[in-house]
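Peer 1: Could you have a look at this structure, given as structure tokens, before my questions?
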Amino acid sequence: MKRDRRLWLLSDDHHAALVLARHATRAGAGEGSRSAQEVWAEVMTRFEQELNAHFELEERLLLPAVERVGESALAERTRDEHAQLRRLVTGVPGPLETRLSEFGALLRDHVRFEERVLFPAVQERLGQETLEAIADASQRLRSDRALS
């Protein structure tokens, strides 16, 4: 299914998240040219500057709309995965390589779920006004990041 233009910025965020997931997974496996500490620092920075704001936008606008059209299970899974990713970044003890591997795998799987399952449902079920509001909020988020 072709992605609705009003979801393009969120999908663009997903592309960047997949790159980060790959970096994390490789560092967790001891592969690549960067140390686990360097990649973890990137994960923390990108989570703070990009991912968490993306999650908050979805939780504030997208997921309540998804629930209103009867897709509560999709919204619940999305929120649960956001919470798991937040926990991995903010306080799961254990070896750094393990956290990187878990974070990378979960972020990759989460993005794939949103792109392959959630967003197609959003495009089919949500109204034009809601999609426009999501697009406007995504643009504001992108503009805010550019100013930071």
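Ordering of the structure tokens sets the chain letters (A, B, ...); residue numbers start at 1 within each chain; ligands are numbered from 1 in the order shown.
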List as a PDB file with N, CA and C atoms, in the first residue's frame the protein and nucleic acid residues near Ser11 (chain A), meaning an atom at most 10 Å away when only C-alpha atoms are counted, but skip any in the same chain fewer than 6 places from it.
Peer 2:
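Here's the written file result-v7.pdb:
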```pdb
ATOM      1  N   ARG A   3       2.134   4.806   0.906  1.00  0.00           N
ATOM      2  CA  ARG A   3       2.000   5.576   2.135  1.00  0.00           C
ATOM      3  C   ARG A   3       1.301   6.908   1.854  1.00  0.00           C
ATOM      4  N   ASP A   4       0.310   7.230   2.634  1.00  0.00           N
ATOM      5  CA  ASP A   4      -0.381   8.510   2.550  1.00  0.00           C
ATOM      6  C   ASP A   4       0.624   9.620   2.844  1.00  0.00           C
ATOM      7  N   ARG A   5       0.594  10.660   2.059  1.00  0.00           N
ATOM      8  CA  ARG A   5       1.566  11.760   2.193  1.00  0.00           C
ATOM      9  C   ARG A   5       1.549  12.371   3.591  1.00  0.00           C
ATOM     10  N   ALA A  17      15.121   5.634  12.438  1.00  0.00           N
ATOM     11  CA  ALA A  17      15.108   4.699  13.571  1.00  0.00           C
ATOM     12  C   ALA A  17      15.666   3.337  13.167  1.00  0.00           C
ATOM     13  N   VAL A 111       9.297  -0.617  14.433  1.00  0.00           N
ATOM     14  CA  VAL A 111       9.139   0.176  13.208  1.00  0.00           C
ATOM     15  C   VAL A 111       8.465  -0.659  12.122  1.00  0.00           C
ATOM     16  N   GLU A 114       4.767  -0.837  12.859  1.00  0.00           N
ATOM     17  CA  GLU A 114       4.056   0.396  12.537  1.00  0.00           C
ATOM     18  C   GLU A 114       3.916   0.581  11.028  1.00  0.00           C
ATOM     19  N   GLU A 115       4.978   0.317  10.283  1.00  0.00           N
ATOM     20  CA  GLU A 115       4.933   0.504   8.834  1.00  0.00           C
ATOM     21  C   GLU A 115       4.053  -0.528   8.131  1.00  0.00           C
ATOM     22  N   PHE A 119       0.257   1.684  10.274  1.00  0.00           N
ATOM     23  CA  PHE A 119       0.016   2.756   9.306  1.00  0.00           C
ATOM     24  C   PHE A 119      -0.982   2.365   8.215  1.00  0.00           C
TER      25      PHE A 119
END
```
Peer 1: Which neighbours of Leu10 (chain A) fall inside 8 Å, counting only C-alpha atoms, when residues of the same chain fewer than 3 positions from it are skipped, and could you give them as a ChimeraX atom specification?
Peer 2: /A:7,13-14,54,138
Peer 1: For Arg6 (chain A), find every residue with an atom within 12 Å (counting only C-alpha atoms), except residues of its own chain fewer than 6 positions away, and show them as JSON, numbers by chain.
Peer 2: {"A": [12, 62, 119, 122, 123, 126, 127, 128, 129, 130, 131, 132, 133, 134, 135, 136, 137, 138, 139]}
Peer 1: So which one's closest to His23 (chain A), A:Gln84, A:Ser101, A:Ser143, A:Thr90? Using only C-alpha atoms, please.
Peer 2: A:Ser101
Peer 1: Hey, what's within 12 Å of Gly30 (chain A) if we count only C-alpha atoms and toss same-chain stuff fewer than 2 positions away? As a list of chain:residue names, please?
Peer 2: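 Result of the neighbour search: A:His23, A:Ala24, A:Thr25, A:Arg26, A:Ala27, A:Gly28, A:Gly32, A:Ser33, A:Arg34, A:Ser35, A:Ala36, A:Gln37, A:Val39, A:Leu96, A:Glu97, A:Thr98, A:Leu100, A:Ser101.
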Peer 1: Could you please determine the separation between CA of Ala83 (chain A) and CA of Arg112 (chain A) in Å, to one decimal place?
Peer 2: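 Computed distance, CA of Ala83 (chain A) to CA of Arg112 (chain A), equals 16.8 Å.
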Peer 1: Could you pull the residues within 10 Å of Phe113 (chain A), counting only C-alpha atoms, minus those fewer than 4 positions along the same chain, as a PyMOL selection string?
Peer 2: chain A and resi 74+77-78+107-109+117-119
Peer 1: Which residue, A:Asp144, A:Ala21, A:His15, A:Glu38, has the smallest gap to Leu106 (chain A) when you use only C-alpha atoms?
Peer 2: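 Looking at the shortest contact to Leu106 (chain A), the residue is A:Ala21.
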Peer 1: Work out how far CA of Trp8 (chain A) is from CA of Val69 (chain A), in Å to one decimal.
Peer 2: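 So the answer is 21.5 Å.
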Peer 1: What's around Leu88 (chain A) at 8 Å? Count only C-alpha atoms, leave out sequence neighbours fewer than 4 positions away in its own chain, and write the answer as a PyMOL selection string.
Peer 2: chain A and resi 84+92+99+102-103
Peer 1: Which polymer residues have any atom within 10 Å of an atom of Glu76 (chain A), counting only C-alpha atoms, with same-chain residues fewer than 5 positions away left out, as a PyMOL selection string?
Peer 2: chain A and resi 63+66-67+71+81-82
Peer 1: Could you dump the residues just selected with N, CA and C atoms as a PDB file, in the first residue's frame?
Peer 2:
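So the final result, stored in result_4.pdb, reads:
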```pdb
ATOM      1  N   LEU A  63      -2.715   7.381  18.337  1.00  0.00           N
ATOM      2  CA  LEU A  63      -3.272   6.218  19.029  1.00  0.00           C
ATOM      3  C   LEU A  63      -4.683   6.436  19.571  1.00  0.00           C
ATOM      4  N   VAL A  66      -6.854   5.885  16.656  1.00  0.00           N
ATOM      5  CA  VAL A  66      -6.882   4.462  16.315  1.00  0.00           C
ATOM      6  C   VAL A  66      -7.867   3.738  17.234  1.00  0.00           C
ATOM      7  N   GLU A  67      -7.848   4.076  18.503  1.00  0.00           N
ATOM      8  CA  GLU A  67      -8.796   3.461  19.450  1.00  0.00           C
ATOM      9  C   GLU A  67     -10.239   3.845  19.129  1.00  0.00           C
ATOM     10  N   GLU A  71      -9.632  -0.014  16.888  1.00  0.00           N
ATOM     11  CA  GLU A  71      -8.367  -0.746  16.742  1.00  0.00           C
ATOM     12  C   GLU A  71      -7.532  -0.654  18.027  1.00  0.00           C
ATOM     13  N   GLU A  81       5.166  -1.208  23.315  1.00  0.00           N
ATOM     14  CA  GLU A  81       6.511  -1.214  22.742  1.00  0.00           C
ATOM     15  C   GLU A  81       7.238   0.098  23.019  1.00  0.00           C
ATOM     16  N   HIS A  82       6.515   1.210  22.981  1.00  0.00           N
ATOM     17  CA  HIS A  82       7.132   2.490  23.359  1.00  0.00           C
ATOM     18  C   HIS A  82       7.651   2.403  24.794  1.00  0.00           C
TER      19      HIS A  82
END
```
